[in-house]
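Undergrad: You'll find model22.cif just under this line, and it carries mmCIF, C-alpha atoms (C1' of nucleotides).
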data_final
loop_
_atom_site.label_atom_id
_atom_site.label_comp_id
_atom_site.auth_asym_id
_atom_site.auth_seq_id
_atom_site.Cartn_x
_atom_site.Cartn_y
_atom_site.Cartn_z
CA MET M 810 -13.88 3.69 -1.38
CA ARG M 811 -16.47 5.69 -3.31
CA SER M 812 -16.36 5.92 -7.05
CA VAL M 813 -13.82 8.58 -7.88
CA PRO M 814 -14.81 11.33 -10.37
CA ALA M 815 -12.51 11.56 -13.38
CA GLN M 816 -11.81 15.17 -12.56
CA ILE M 817 -10.23 14.16 -9.29
CA ALA M 818 -8.54 11.05 -10.61
CA ILE M 819 -6.65 13.18 -13.10
CA LYS M 820 -5.49 15.66 -10.53
CA LEU M 821 -4.17 12.90 -8.31
CA HIS M 822 -1.47 12.19 -10.84
CA GLN M 823 0.11 15.52 -10.05
CA ALA M 824 1.21 14.13 -6.72
CA LEU M 825 3.18 11.33 -8.32
CA PRO M 826 6.49 13.08 -8.85
CA LEU M 827 6.53 13.79 -5.16
CA ILE M 828 5.63 10.25 -4.17
CA ALA M 829 8.09 8.77 -6.62
CA GLU M 830 10.89 10.90 -5.30
CA GLN M 831 10.46 10.64 -1.57
CA GLY M 832 8.29 7.59 -1.18
CA LEU M 833 4.75 7.41 0.10
CA GLU M 834 5.90 7.13 3.67
CA GLN M 835 7.52 10.54 3.58
CA THR M 836 4.71 12.09 1.60
CA LYS M 837 2.19 13.72 3.88
CA ILE M 838 -1.43 13.74 2.92
CA ASP M 839 -1.34 17.50 3.26
CA GLU M 840 1.31 17.59 0.56
CA ILE M 841 -0.89 15.52 -1.68
CA ALA M 842 -3.76 17.91 -1.08
CA ASP M 843 -1.62 20.96 -1.75
CA THR M 844 0.04 19.56 -4.84
CA THR M 845 -3.08 18.24 -6.48
CA GLY M 846 -5.36 21.05 -5.43
CA VAL M 847 -7.81 18.50 -4.09
CA PRO M 848 -8.78 19.50 -0.56
CA LYS M 849 -7.73 17.12 2.14
CA ALA M 850 -11.29 16.74 3.32
CA THR M 851 -12.24 15.61 -0.17
CA LEU M 852 -9.45 13.10 -0.26
CA TYR M 853 -10.77 11.59 2.93
CA TYR M 854 -14.23 11.68 1.46
CA TYR M 855 -13.17 9.38 -1.35
CA PHE M 856 -10.31 7.41 0.15
CA SER M 857 -9.54 5.92 3.49
CA GLY M 858 -6.01 7.27 3.40
CA LYS M 859 -2.97 7.81 1.25
CA GLU M 860 -2.32 4.13 0.74
CA GLU M 861 -5.68 3.81 -0.92
CA ILE M 862 -4.96 6.81 -3.13
CA LEU M 863 -1.79 5.27 -4.44
CA ALA M 864 -3.38 1.86 -4.79
CA PHE M 865 -6.12 3.43 -6.86
CA LEU M 866 -3.59 4.88 -9.28
CA PHE M 867 -1.74 1.59 -9.46
CA GLU M 868 -4.91 -0.29 -10.26
CA ASP M 869 -5.71 2.21 -12.94
CA MET M 870 -2.45 1.65 -14.78
CA LEU M 871 -2.30 -2.08 -14.23
CA THR M 872 -5.80 -2.56 -15.55
CA ALA M 873 -4.94 -0.58 -18.66
CA ILE M 874 -1.85 -2.69 -19.22
CA ALA M 875 -3.75 -5.92 -18.69
CA ASP M 876 -6.40 -4.87 -21.19
CA GLU M 877 -3.89 -3.85 -23.79
CA ALA M 878 -1.83 -6.96 -23.24
CA LYS M 879 -4.90 -9.03 -23.88
CA VAL M 880 -5.23 -7.37 -27.25
CA ALA M 881 -1.55 -7.82 -28.05
CA MET M 882 -1.83 -11.51 -27.31
CA GLU M 883 -4.18 -11.94 -30.23
CA ILE M 884 -2.16 -10.46 -33.05
CA GLU M 885 -1.10 -12.47 -36.06
CA GLY M 886 2.32 -14.04 -36.26
CA THR M 887 4.38 -16.36 -34.12
CA SER M 888 4.24 -16.63 -30.36
CA ALA M 889 7.52 -14.77 -30.34
CA ASP M 890 5.84 -11.91 -32.18
CA ARG M 891 3.05 -11.82 -29.67
CA LEU M 892 5.52 -11.95 -26.82
CA THR M 893 7.33 -9.00 -28.33
CA ALA M 894 4.05 -7.11 -28.63
CA VAL M 895 3.07 -7.81 -25.04
CA VAL M 896 6.41 -6.74 -23.65
CA GLY M 897 6.22 -3.66 -25.83
CA VAL M 898 2.89 -2.75 -24.31
CA GLN M 899 4.15 -3.29 -20.80
CA ILE M 900 7.28 -1.24 -21.21
CA ARG M 901 5.57 1.53 -23.12
CA ARG M 902 2.91 2.03 -20.50
CA LEU M 903 5.39 1.86 -17.66
CA VAL M 904 7.67 4.40 -19.27
CA GLU M 905 4.75 6.67 -20.06
CA ASN M 906 3.86 6.63 -16.40
CA ARG M 907 7.37 7.12 -15.21
CA ASP M 908 6.61 8.39 -11.74
CA LEU M 909 3.83 5.96 -11.08
CA SER M 910 6.11 3.13 -12.15
CA ALA M 911 8.85 4.40 -9.91
CA ALA M 912 6.43 4.45 -7.02
CA LEU M 913 5.28 0.95 -7.90
CA VAL M 914 8.68 -0.64 -8.23
CA GLY M 915 10.12 1.36 -5.37
CA ASP M 916 7.47 0.10 -3.04
CA LEU M 917 6.94 -3.46 -4.15
CA GLY M 918 6.62 -4.54 -0.56
CA ARG M 919 3.54 -2.47 -0.09
CA VAL M 920 2.14 -3.79 -3.35
CA THR M 921 2.71 -7.41 -2.45
CA ARG M 922 0.89 -6.90 0.81
CA SER M 923 -2.30 -6.12 -1.08
CA SER M 924 -3.87 -9.16 -2.66
CA ALA M 925 -5.88 -6.98 -5.03
CA LEU M 926 -2.73 -5.41 -6.37
CA VAL M 927 -0.95 -8.71 -6.61
CA GLU M 928 -3.76 -9.98 -8.78
CA SER M 929 -3.61 -6.90 -10.96
CA LEU M 930 0.12 -7.30 -11.30
CA GLN M 931 -0.32 -10.88 -12.35
CA ALA M 932 -2.96 -10.00 -14.90
CA ALA M 933 -0.83 -7.22 -16.35
CA PHE M 934 2.55 -8.93 -16.37
CA TYR M 935 2.76 -12.52 -15.37
CA SER M 936 -0.26 -14.21 -16.90
CA PRO M 937 0.08 -12.94 -20.47
CA ILE M 938 3.72 -13.88 -20.62
CA GLU M 939 3.29 -17.27 -19.06
CA SER M 940 0.49 -18.06 -21.51
CA LEU M 941 2.62 -17.10 -24.46
CA LEU M 942 5.57 -19.14 -23.27
CA ILE M 943 3.37 -22.19 -22.98
CA GLU M 944 1.76 -21.51 -26.32
CA GLY M 945 5.14 -20.96 -27.95
CA ALA M 946 6.60 -24.12 -26.50
CA ALA M 947 3.65 -26.03 -27.89
CA ASP M 948 3.79 -24.65 -31.40
CA GLY M 949 7.56 -24.64 -31.52
CA SER M 950 8.06 -20.94 -32.04
CA LEU M 951 9.60 -20.61 -28.60
CA ARG M 952 12.01 -22.86 -26.81
CA ASP M 953 10.54 -25.11 -24.16
CA THR M 954 12.38 -24.14 -21.02
CA GLY M 955 10.50 -26.72 -19.03
CA ASN M 956 9.58 -24.13 -16.47
CA PRO M 957 7.14 -21.47 -17.64
CA MET M 958 7.33 -19.70 -14.31
CA LEU M 959 11.07 -19.31 -14.43
CA GLY M 960 10.81 -18.37 -18.07
CA SER M 961 8.31 -15.67 -17.23
CA MET M 962 10.62 -14.34 -14.57
CA ALA M 963 13.34 -14.15 -17.19
CA VAL M 964 11.11 -11.86 -19.22
CA ILE M 965 9.46 -9.79 -16.52
CA GLY M 966 12.62 -9.28 -14.49
CA PRO M 967 14.47 -7.27 -17.11
CA VAL M 968 11.35 -5.27 -17.88
CA ILE M 969 10.84 -4.25 -14.28
CA ILE M 970 14.48 -3.55 -13.54
CA SER M 971 15.10 -1.54 -16.67
CA VAL M 972 12.05 0.56 -15.93
CA LEU M 973 13.27 1.05 -12.40
CA MET M 974 16.57 2.29 -13.73
CA THR M 975 15.01 4.76 -16.15
CA ALA M 976 12.66 5.84 -13.41
CA ILE M 977 15.51 6.51 -11.02
CA VAL M 978 17.68 8.39 -13.44
CA PRO M 979 16.59 12.02 -13.36
CA PRO M 980 14.37 13.00 -16.30
CA ASP M 981 17.02 15.32 -17.66
CA ALA M 982 18.16 12.38 -19.69
CA ASP M 983 16.19 13.24 -22.79
CA GLU M 984 17.92 10.46 -24.58
CA PRO M 985 15.88 9.47 -27.61
CA ASP M 986 14.82 6.58 -25.44
CA ASP M 987 15.82 4.54 -28.44
CA ASP M 988 13.87 1.37 -28.60
CA VAL M 989 14.47 0.00 -25.15
CA ALA M 990 11.61 -2.44 -25.44
CA GLY M 991 12.84 -3.78 -28.75
CA ASP M 992 16.44 -4.09 -27.67
CA LEU M 993 15.49 -5.75 -24.44
CA ILE M 994 13.19 -8.33 -25.89
CA ALA M 995 15.80 -9.10 -28.53
CA ILE M 996 18.31 -9.94 -25.85
CA ILE M 997 15.81 -12.01 -23.95
CA LEU M 998 14.78 -13.94 -27.02
CA SER M 999 18.27 -14.58 -28.35
CA GLY M 1000 20.07 -15.09 -25.08
CA LEU M 1001 23.60 -14.16 -24.25
CA LEU M 1002 25.46 -17.02 -25.85
CA PRO M 1003 26.75 -16.61 -29.38
CA ARG M 1004 24.46 -18.05 -32.02
CA GLY M 1005 25.81 -20.93 -34.02
CA MET Q 173 27.08 5.33 13.46
CA ARG Q 174 29.45 3.70 15.93
CA SER Q 175 31.10 0.44 15.13
CA VAL Q 176 28.57 -2.27 15.91
CA PRO Q 177 29.66 -5.22 18.07
CA ALA Q 178 29.20 -8.57 16.39
CA GLN Q 179 27.06 -9.69 19.29
CA ILE Q 180 24.51 -7.04 18.48
CA ALA Q 181 24.81 -7.35 14.72
CA ILE Q 182 23.80 -10.96 14.99
CA LYS Q 183 20.79 -10.26 17.13
CA LEU Q 184 19.54 -7.64 14.72
CA HIS Q 185 18.83 -10.34 12.18
CA GLN Q 186 16.07 -11.63 14.40
CA ALA Q 187 14.02 -8.59 13.50
CA LEU Q 188 14.13 -9.37 9.81
CA PRO Q 189 11.13 -11.66 9.53
CA LEU Q 190 9.07 -8.88 11.04
CA ILE Q 191 10.47 -6.21 8.75
CA ALA Q 192 10.17 -8.40 5.69
CA GLU Q 193 6.57 -9.14 6.45
CA GLN Q 194 5.19 -5.76 7.36
CA GLY Q 195 7.76 -3.38 5.95
CA LEU Q 196 10.06 -1.10 7.85
CA GLU Q 197 7.47 1.66 7.94
CA GLN Q 198 5.09 -0.45 9.96
CA THR Q 199 7.81 -1.86 12.16
CA LYS Q 200 8.17 0.16 15.32
CA ILE Q 201 11.56 0.54 16.82
CA ASP Q 202 10.10 -0.84 20.04
CA GLU Q 203 9.24 -4.00 18.17
CA ILE Q 204 12.80 -4.27 16.93
CA ALA Q 205 14.04 -3.86 20.47
CA ASP Q 206 11.63 -6.45 21.83
CA THR Q 207 12.25 -8.99 19.09
CA THR Q 208 16.02 -8.77 19.10
CA GLY Q 209 16.42 -8.36 22.82
CA VAL Q 210 18.60 -5.34 22.22
CA PRO Q 211 17.34 -2.49 24.39
CA LYS Q 212 15.96 0.48 22.53
CA ALA Q 213 18.43 2.80 24.24
CA THR Q 214 21.24 0.64 22.91
CA LEU Q 215 19.85 0.74 19.42
CA TYR Q 216 19.87 4.52 19.58
CA TYR Q 217 23.36 4.37 21.01
CA TYR Q 218 24.63 2.67 17.86
CA PHE Q 219 22.25 3.85 15.21
CA SER Q 220 20.51 7.08 14.39
CA GLY Q 221 17.23 5.29 13.78
CA LYS Q 222 15.62 2.27 12.24
CA GLU Q 223 16.56 3.23 8.70
CA GLU Q 224 20.18 3.02 9.66
CA ILE Q 225 19.67 -0.34 11.28
CA LEU Q 226 18.25 -1.82 8.13
CA ALA Q 227 20.84 -0.10 5.95
CA PHE Q 228 23.54 -1.65 8.10
CA LEU Q 229 22.18 -5.12 7.49
CA PHE Q 230 21.85 -4.44 3.78
CA GLU Q 231 25.44 -3.25 3.55
CA ASP Q 232 26.57 -6.33 5.36
CA MET Q 233 25.03 -8.69 2.86
CA LEU Q 234 25.86 -6.62 -0.19
CA THR Q 235 29.48 -6.37 0.77
CA ALA Q 236 29.66 -10.12 1.25
CA ILE Q 237 28.14 -10.66 -2.18
CA ALA Q 238 30.47 -8.17 -3.81
CA ASP Q 239 33.49 -9.84 -2.26
CA GLU Q 240 32.41 -13.28 -3.29
CA ALA Q 241 31.49 -12.12 -6.75
CA LYS Q 242 34.97 -10.72 -7.15
CA VAL Q 243 36.34 -14.17 -6.45
CA ALA Q 244 33.91 -15.84 -8.82
CA MET Q 245 34.98 -13.49 -11.58
CA GLU Q 246 38.45 -14.95 -11.53
CA ILE Q 247 37.73 -18.61 -11.99
CA GLU Q 248 39.01 -20.58 -14.92
CA GLY Q 249 36.86 -21.15 -17.96
CA THR Q 250 34.90 -19.02 -20.38
CA SER Q 251 33.25 -15.73 -19.58
CA ALA Q 252 29.99 -17.60 -19.64
CA ASP Q 253 31.32 -19.88 -16.93
CA ARG Q 254 32.31 -16.90 -14.83
CA LEU Q 255 28.95 -15.29 -15.41
CA THR Q 256 27.26 -18.45 -14.23
CA ALA Q 257 29.44 -18.47 -11.14
CA VAL Q 258 28.69 -14.85 -10.32
CA VAL Q 259 24.97 -15.27 -10.71
CA GLY Q 260 25.20 -18.38 -8.61
CA VAL Q 261 26.83 -16.43 -5.82
CA GLN Q 262 24.26 -13.69 -6.00
CA ILE Q 263 21.26 -15.96 -5.93
CA ARG Q 264 22.68 -18.21 -3.28
CA ARG Q 265 23.39 -15.37 -0.89
CA LEU Q 266 20.04 -13.76 -1.52
CA VAL Q 267 18.16 -16.96 -0.90
CA GLU Q 268 20.17 -17.67 2.20
CA ASN Q 269 19.11 -14.30 3.54
CA ARG Q 270 15.54 -14.67 2.54
CA ASP Q 271 14.00 -12.07 4.83
CA LEU Q 272 16.72 -9.55 4.32
CA SER Q 273 16.32 -9.93 0.58
CA ALA Q 274 12.59 -9.51 0.86
CA ALA Q 275 13.12 -6.32 2.81
CA LEU Q 276 15.61 -5.14 0.23
CA VAL Q 277 13.53 -5.83 -2.84
CA GLY Q 278 10.32 -4.76 -1.16
CA ASP Q 279 11.76 -1.40 -0.34
CA LEU Q 280 13.91 -0.61 -3.34
CA GLY Q 281 12.76 2.98 -3.24
CA ARG Q 282 14.33 3.49 0.14
CA VAL Q 283 17.48 1.78 -1.05
CA THR Q 284 17.80 3.91 -4.15
CA ARG Q 285 17.50 7.03 -2.03
CA SER Q 286 20.74 6.16 -0.29
CA SER Q 287 23.78 6.68 -2.45
CA ALA Q 288 25.85 4.41 -0.25
CA LEU Q 289 23.43 1.56 -0.80
CA VAL Q 290 23.19 2.25 -4.49
CA GLU Q 291 26.95 1.91 -4.72
CA SER Q 292 26.88 -1.33 -2.77
CA LEU Q 293 24.15 -2.65 -5.00
CA GLN Q 294 26.20 -1.79 -8.04
CA ALA Q 295 29.29 -3.45 -6.64
CA ALA Q 296 27.38 -6.59 -5.73
CA PHE Q 297 25.22 -6.97 -8.82
CA TYR Q 298 25.72 -4.61 -11.67
CA SER Q 299 29.46 -4.14 -11.97
CA PRO Q 300 30.54 -7.78 -11.98
CA ILE Q 301 27.97 -8.69 -14.59
CA GLU Q 302 28.66 -5.72 -16.81
CA SER Q 303 32.39 -6.51 -16.71
CA LEU Q 304 31.81 -10.09 -17.70
CA LEU Q 305 29.50 -9.14 -20.55
CA ILE Q 306 32.14 -6.82 -21.94
CA GLU Q 307 34.84 -9.38 -21.43
CA GLY Q 308 32.76 -12.08 -23.04
CA ALA Q 309 31.90 -9.93 -26.02
CA ALA Q 310 35.58 -9.27 -26.52
CA ASP Q 311 36.75 -12.85 -26.32
CA GLY Q 312 33.76 -14.19 -28.20
CA SER Q 313 32.41 -16.43 -25.50
CA LEU Q 314 29.35 -14.23 -25.10
CA ARG Q 315 27.28 -12.52 -27.71
CA ASP Q 316 27.89 -8.83 -28.18
CA THR Q 317 24.54 -7.24 -27.46
CA GLY Q 318 25.91 -3.81 -28.21
CA ASN Q 319 24.53 -2.54 -24.94
CA PRO Q 320 26.20 -3.93 -21.83
CA MET Q 321 23.86 -2.01 -19.59
CA LEU Q 322 20.75 -3.50 -21.13
CA GLY Q 323 22.47 -6.86 -21.15
CA SER Q 324 23.18 -6.56 -17.46
CA MET Q 325 19.56 -5.70 -16.80
CA ALA Q 326 18.60 -8.85 -18.65
CA VAL Q 327 20.66 -10.84 -16.16
CA ILE Q 328 19.99 -8.96 -12.95
CA GLY Q 329 16.27 -8.54 -13.55
CA PRO Q 330 15.40 -12.23 -13.44
CA VAL Q 331 17.65 -12.73 -10.45
CA ILE Q 332 15.95 -10.02 -8.44
CA ILE Q 333 12.44 -10.92 -9.45
CA SER Q 334 12.83 -14.61 -8.84
CA VAL Q 335 14.23 -13.89 -5.42
CA LEU Q 336 11.32 -11.59 -4.75
CA MET Q 337 8.95 -14.38 -5.63
CA THR Q 338 10.59 -16.92 -3.39
CA ALA Q 339 10.75 -14.31 -0.67
CA ILE Q 340 7.06 -13.57 -0.92
CA VAL Q 341 5.90 -17.14 -1.01
CA PRO Q 342 5.53 -18.32 2.58
CA PRO Q 343 8.46 -20.42 3.78
CA ASP Q 344 6.27 -23.47 4.07
CA ALA Q 345 7.32 -24.22 0.54
CA ASP Q 346 10.14 -26.56 1.41
CA GLU Q 347 10.51 -27.40 -2.22
CA PRO Q 348 13.98 -28.81 -2.84
CA ASP Q 349 14.73 -25.34 -4.16
CA ASP Q 350 16.09 -27.29 -7.08
CA ASP Q 351 18.77 -25.43 -8.86
CA VAL Q 352 17.01 -22.15 -9.45
CA ALA Q 353 20.26 -20.37 -10.14
CA GLY Q 354 21.34 -22.93 -12.70
CA ASP Q 355 18.00 -23.09 -14.46
CA LEU Q 356 17.69 -19.35 -14.55
CA ILE Q 357 21.11 -18.63 -15.94
CA ALA Q 358 20.57 -21.34 -18.54
CA ILE Q 359 17.49 -19.56 -19.80
CA ILE Q 360 19.24 -16.22 -19.81
CA LEU Q 361 22.22 -17.60 -21.69
CA SER Q 362 20.28 -19.53 -24.26
CA GLY Q 363 17.38 -17.18 -24.77
CA LEU Q 364 13.82 -18.08 -25.50
CA LEU Q 365 14.04 -18.73 -29.20
CA PRO Q 366 14.61 -22.27 -30.39
CA ARG Q 367 18.24 -23.00 -31.12
CA GLY Q 368 19.07 -23.88 -34.68
"C1'" DG W 334 -18.24 18.43 -1.25
"C1'" DT W 335 -15.41 21.63 0.96
"C1'" DC W 336 -13.84 24.49 4.75
"C1'" DT W 337 -11.45 25.34 9.42
"C1'" DA W 338 -10.11 23.78 13.42
"C1'" DT W 339 -8.87 20.31 16.41
"C1'" DA W 340 -8.55 15.89 18.62
"C1'" DA W 341 -5.70 12.60 19.82
"C1'" DA W 342 -2.68 9.15 19.53
"C1'" DG W 343 1.28 7.32 18.09
"C1'" DA W 344 6.03 6.82 17.81
"C1'" DG W 345 10.59 8.55 17.46
"C1'" DA W 346 13.96 10.20 20.10
"C1'" DT W 347 16.31 11.85 24.37
"C1'" DA W 348 17.36 12.88 29.38
"C1'" DG W 349 19.56 11.57 33.18
"C1'" DA W 350 20.38 8.10 36.59
"C1'" DC W 351 22.83 3.95 37.29
"C1'" DG H 540 25.74 0.46 27.78
"C1'" DT H 541 21.41 0.11 29.70
"C1'" DC H 542 17.19 1.50 32.25
"C1'" DT H 543 12.90 4.18 32.95
"C1'" DA H 544 10.35 7.81 32.03
"C1'" DT H 545 8.87 11.27 29.34
"C1'" DC H 546 8.82 14.82 25.95
"C1'" DT H 547 7.53 16.59 21.84
"C1'" DC H 548 6.18 16.70 17.49
"C1'" DT H 549 4.16 15.18 13.65
"C1'" DT H 550 0.48 13.56 11.11
"C1'" DT H 551 -3.61 11.21 10.52
"C1'" DA H 552 -8.22 11.59 10.74
"C1'" DT H 553 -12.60 13.62 12.12
"C1'" DA H 554 -16.22 17.03 13.65
"C1'" DG H 555 -19.30 20.18 12.44
"C1'" DA H 556 -20.45 24.44 9.97
"C1'" DC H 557 -21.40 26.04 5.38
#
Could you quickly redo this structure as C-alpha cells?

TA:
Amino acid sequence: MRSVPAQIAIKLHQALPLIAEQGLEQTKIDEIADTTGVPKATLYYYFSGKEEILAFLFEDMLTAIADEAKVAMEIEGTSADRLTAVVGVQIRRLVENRDLSAALVGDLGRVTRSSALVESLQAAFYSPIESLLIEGAADGSLRDTGNPMLGSMAVIGPVIISVLMTAIVPPDADEPDDDVAGDLIAIILSGLLPRG
Amino acid sequence: MRSVPAQIAIKLHQALPLIAEQGLEQTKIDEIADTTGVPKATLYYYFSGKEEILAFLFEDMLTAIADEAKVAMEIEGTSADRLTAVVGVQIRRLVENRDLSAALVGDLGRVTRSSALVESLQAAFYSPIESLLIEGAADGSLRDTGNPMLGSMAVIGPVIISVLMTAIVPPDADEPDDDVAGDLIAIILSGLLPRG
DNA sequence: GTCTATAAAGAGATAGAC
DNA sequence: GTCTATCTCTTTATAGAC
C-alpha cells in the first residue's frame, strides 16, 4: 500500500455511510469510486482492494484514539478519574465517527482476522484500560477485581455495545446525546447493586 | 424457507468452525455442502442461500436462550439473583456454541440488517435484562441507574465482548473456563469503585 | 495518476433427470 | 430429495493509452 495523499484519504470517508449501512461485502468498489469521486483506477493504485481501504480508515481512527488515550492516562487525579477520561475519549471519537464505528463493530470478524487491526484495537481500547485497572488496584482508588482482563471487558463491552446501538439507530435521533460517556462510566464504576 | 428436518439441522452445525474462522463471505456454499455432507441441491431446496442457513442457526440458538432466560427470570430470590441467573444462561449457551457465537458476534452488521434476528437478539439478551433492572430498581434490590437501556448495555456489553474474546482465542486454551459468568456478573454488580 | 475497456474467473443459483 | 451439469452474472482487477 502506497502512502495515501490526504486529499484522497479525506474523500474516502464519504463512502462510509454506504459501507456502514450495507456492509463492505455488499459495497462494490465501483460504488466507492462513484461516491468518493476517486477513480477506481486510482483506488487500485493506492490499495490492493476494498478491504485495504476500510482497514486504512480503521487504522486512522484507532491510532488517533490510542494517541489521545495515552494523553488521558496522564492527567491528574485518581485512577478512576483517568479511567473516566480514557473512556470519554474512546466514546467521543467513536461517536464522532459514527459510520466508521458502525462498520468496525458490524464487521468485527473481519477486524479480528487482521493482526494489525487487532493490535490497533488493543492499543486504543484494551491496553489503556487494563493499565489503569492495575494501577487503580495498586493505589486503592479502584477495586481489585483480581482479574484485570475481565475487568477490562466489563469496561470495553458497554462502550462498544452502546456505540453499536447508537450507530444502528438512524441518525434522525438528534437527541442531545446527553452525556452517554459520563452516564455509562458512572454505572460501570458504581455497579448495579445499591450502595450501602 | 421450508421446515428443516432435524437430521439436516444437526449436520449444518459442522460448517460452523469454517464460518467462524473465515467469515460467511469467504465461505462458499460448496464448502458448506462438502463439510456438512448435505448436497448443495438440498441446501437450495431448504434455504434461499447461505445467509438464510446461518440465520437459521442463529435463530435456533437465540430462541433457546430466550426460552431459558424466561425461566431464569422467575426463580426465587432478589432481582440481583435473577439477573445473575439470566446472565449465566446467556453466557453458558454462548460458550457452548462457541463457533456459532463467533460467527454471530463477528458479523453483527449482517445480524442487525435482519429485523427478525434483531428481534431474537432482543428477546434473548436485551429484554430480560432490561425487565430485571426495572424490577430491581422498583423493589430496591438493584440500584436505580435512571436509564435502564444504558444499564442493560452495561450488562450485555461485557457478556458479548468476553464471549468474543473466548471465541477468538484458539480452542487449545483448555483453561478450566473457571466461572467466567460468575466473575463477570460480580464485577458488573459491584462496580469498579472500592466499596465503603 | 487517470481514463476506457476488457479479461476472466469465481460463485451463486437453477434446470432437468432420476 | 438428490445428482450432474451448466448458465449467467457480477465484480474484481488489470492492460495500455493518455

Undergrad: Please report, as JSON lines, each residue of stretch 841-883 of chain M lying at most 12 Å from chain W, together with the nearest pair of atoms and the separation in Å rounded to one decimal; use all atoms listed in the file, and order rows by chain and ascending residue number.

TA:
{"residue": "M:Gly846", "atom": "CA", "partner": "W:DT335", "partner_atom": "C1'", "distance": 11.9}
{"residue": "M:Val847", "atom": "CA", "partner": "W:DT335", "partner_atom": "C1'", "distance": 9.6}
{"residue": "M:Pro848", "atom": "CA", "partner": "W:DT335", "partner_atom": "C1'", "distance": 7.1}
{"residue": "M:Lys849", "atom": "CA", "partner": "W:DT335", "partner_atom": "C1'", "distance": 9.0}
{"residue": "M:Ala850", "atom": "CA", "partner": "W:DT335", "partner_atom": "C1'", "distance": 6.8}
{"residue": "M:Thr851", "atom": "CA", "partner": "W:DG334", "partner_atom": "C1'", "distance": 6.7}
{"residue": "M:Leu852", "atom": "CA", "partner": "W:DG334", "partner_atom": "C1'", "distance": 10.3}
{"residue": "M:Tyr853", "atom": "CA", "partner": "W:DG334", "partner_atom": "C1'", "distance": 11.0}
{"residue": "M:Tyr854", "atom": "CA", "partner": "W:DG334", "partner_atom": "C1'", "distance": 8.3}
{"residue": "M:Tyr855", "atom": "CA", "partner": "W:DG334", "partner_atom": "C1'", "distance": 10.4}

Undergrad: Taking all atoms listed in the file into account, name the residue in M:Arg919, M:Arg952, M:Lys859, M:Arg891 that is nearest to chain H.

TA: M:Lys859

Undergrad: Taking (9.3, -8.5, -2.7) in the coordinates of the supplied file, I want to know which residues reach to within 10 Å of it, counting all atoms listed in the file; could you give the answer as a list of chain:residue names?

TA: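 Here the neighbourhood of the point contains M:Val914, M:Asp916, M:Leu917, M:Gly918, M:Arg919, M:Val920, M:Thr921, M:Arg922, Q:Ala192, Q:Glu193, Q:Asp271, Q:Ser273, Q:Ala274, Q:Ala275, Q:Leu276, Q:Val277, Q:Gly278, Q:Asp279, Q:Leu280, Q:Ile332, Q:Ile333, Q:Ser334, Q:Val335, Q:Leu336, Q:Met337, Q:Thr338, Q:Ala339, Q:Ile340, Q:Val341.
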
Undergrad: Expand the PyMOL selection byres ((chain M and resi 945) around 12) into the explicit residue set it covers here, and present it as a count of residues only.

TA: 31

Undergrad: Using atom CA of Q:Asp239 and atom CA of Q:Ala257 as the two end points, give the distance in Å to one decimal.

TA: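 If I compute the distance from atom CA of Q:Asp239 to atom CA of Q:Ala257, I get 13.0 Å.
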
Undergrad: Can you check which parts of chain M lie within 9 Å of chain H? Per residue, the shortest pair of atoms and distance in Å to one decimal, counting only C-alpha atoms (C1' of nucleotides), sorted by chain and number, as CSV.

TA:
residue,atom,partner,partner_atom,distance
M:Lys837,CA,H:DT550,C1',7.4
M:Ile838,CA,H:DT551,C1',8.3
M:Asp839,CA,H:DT550,C1',9.0
M:Tyr853,CA,H:DA552,C1',8.2
M:Gly858,CA,H:DT551,C1',8.5

Undergrad: Could you state the separation of atom CA of M:Ile874 and atom CA of Q:Val327 in Å, given to one decimal place?

TA: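 Result for atom CA of M:Ile874 versus atom CA of Q:Val327: 24.1 Å, one decimal.
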
Undergrad: Mind giving me the straight-line distance from atom CA of M:Thr844 to atom CA of Q:Gly195 in Å, one decimal?

TA: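 Value for the atom CA of M:Thr844-atom CA of Q:Gly195 distance: 26.5 Å.
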
Undergrad: For chain Q, which residue among M:Ala875, M:Val904, M:Thr893, M:Glu885 is the nearest when counting all atoms listed in the file?

TA: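 Among the listed residues, M:Thr893 lies closest to chain Q.
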
Undergrad: From the set M:Val813, M:Leu903, M:Ala842, M:Ala873, which residue has the shortest atom-to-atom contact distance to M:Ala932, counting all atoms listed in the file?

TA: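 The answer is M:Ala873, which sits nearest to M:Ala932.
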
Undergrad: Find the residues around Q:Asp232 up to 12 Å (all atoms listed in the file counted), leave out those fewer than 6 positions away in its own chain, and share them as a PDB file with C-alpha atoms, keeping the file's coordinate frame.

TA:
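part23.pdb written:
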ATOM      1  CA  VAL Q 176      28.570  -2.270  15.910  1.00  0.00           C
ATOM      2  CA  ALA Q 178      29.200  -8.570  16.390  1.00  0.00           C
ATOM      3  CA  ALA Q 181      24.810  -7.350  14.720  1.00  0.00           C
ATOM      4  CA  ILE Q 182      23.800 -10.960  14.990  1.00  0.00           C
ATOM      5  CA  LEU Q 184      19.540  -7.640  14.720  1.00  0.00           C
ATOM      6  CA  HIS Q 185      18.830 -10.340  12.180  1.00  0.00           C
ATOM      7  CA  ILE Q 225      19.670  -0.340  11.280  1.00  0.00           C
ATOM      8  CA  LEU Q 226      18.250  -1.820   8.130  1.00  0.00           C
ATOM      9  CA  ALA Q 238      30.470  -8.170  -3.810  1.00  0.00           C
ATOM     10  CA  ASP Q 239      33.490  -9.840  -2.260  1.00  0.00           C
ATOM     11  CA  ARG Q 265      23.390 -15.370  -0.890  1.00  0.00           C
ATOM     12  CA  ASN Q 269      19.110 -14.300   3.540  1.00  0.00           C
ATOM     13  CA  LEU Q 272      16.720  -9.550   4.320  1.00  0.00           C
ATOM     14  CA  SER Q 273      16.320  -9.930   0.580  1.00  0.00           C
ATOM     15  CA  LEU Q 289      23.430   1.560  -0.800  1.00  0.00           C
ATOM     16  CA  SER Q 292      26.880  -1.330  -2.770  1.00  0.00           C
ATOM     17  CA  LEU Q 293      24.150  -2.650  -5.000  1.00  0.00           C
ATOM     18  CA  ALA Q 296      27.380  -6.590  -5.730  1.00  0.00           C
TER      19      ALA Q 296
END

Undergrad: For chain M, which of Q:Gln179, Q:Pro300, Q:Glu240, Q:Ile191 is the closest residue, counting all atoms listed in the file?

TA: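 Nearest to chain M: Q:Ile191.
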
Undergrad: Work out where the centre of an axis-aligned box around every listed atom of chain H lies and how long its edges are once 4 Å is added on each side; give both in Å to one decimal as lines of an AutoDock Vina configuration file.

TA:
center_x = 2.2
center_y = 13.1
center_z = 19.2
size_x = 55.1
size_y = 33.9
size_z = 35.6
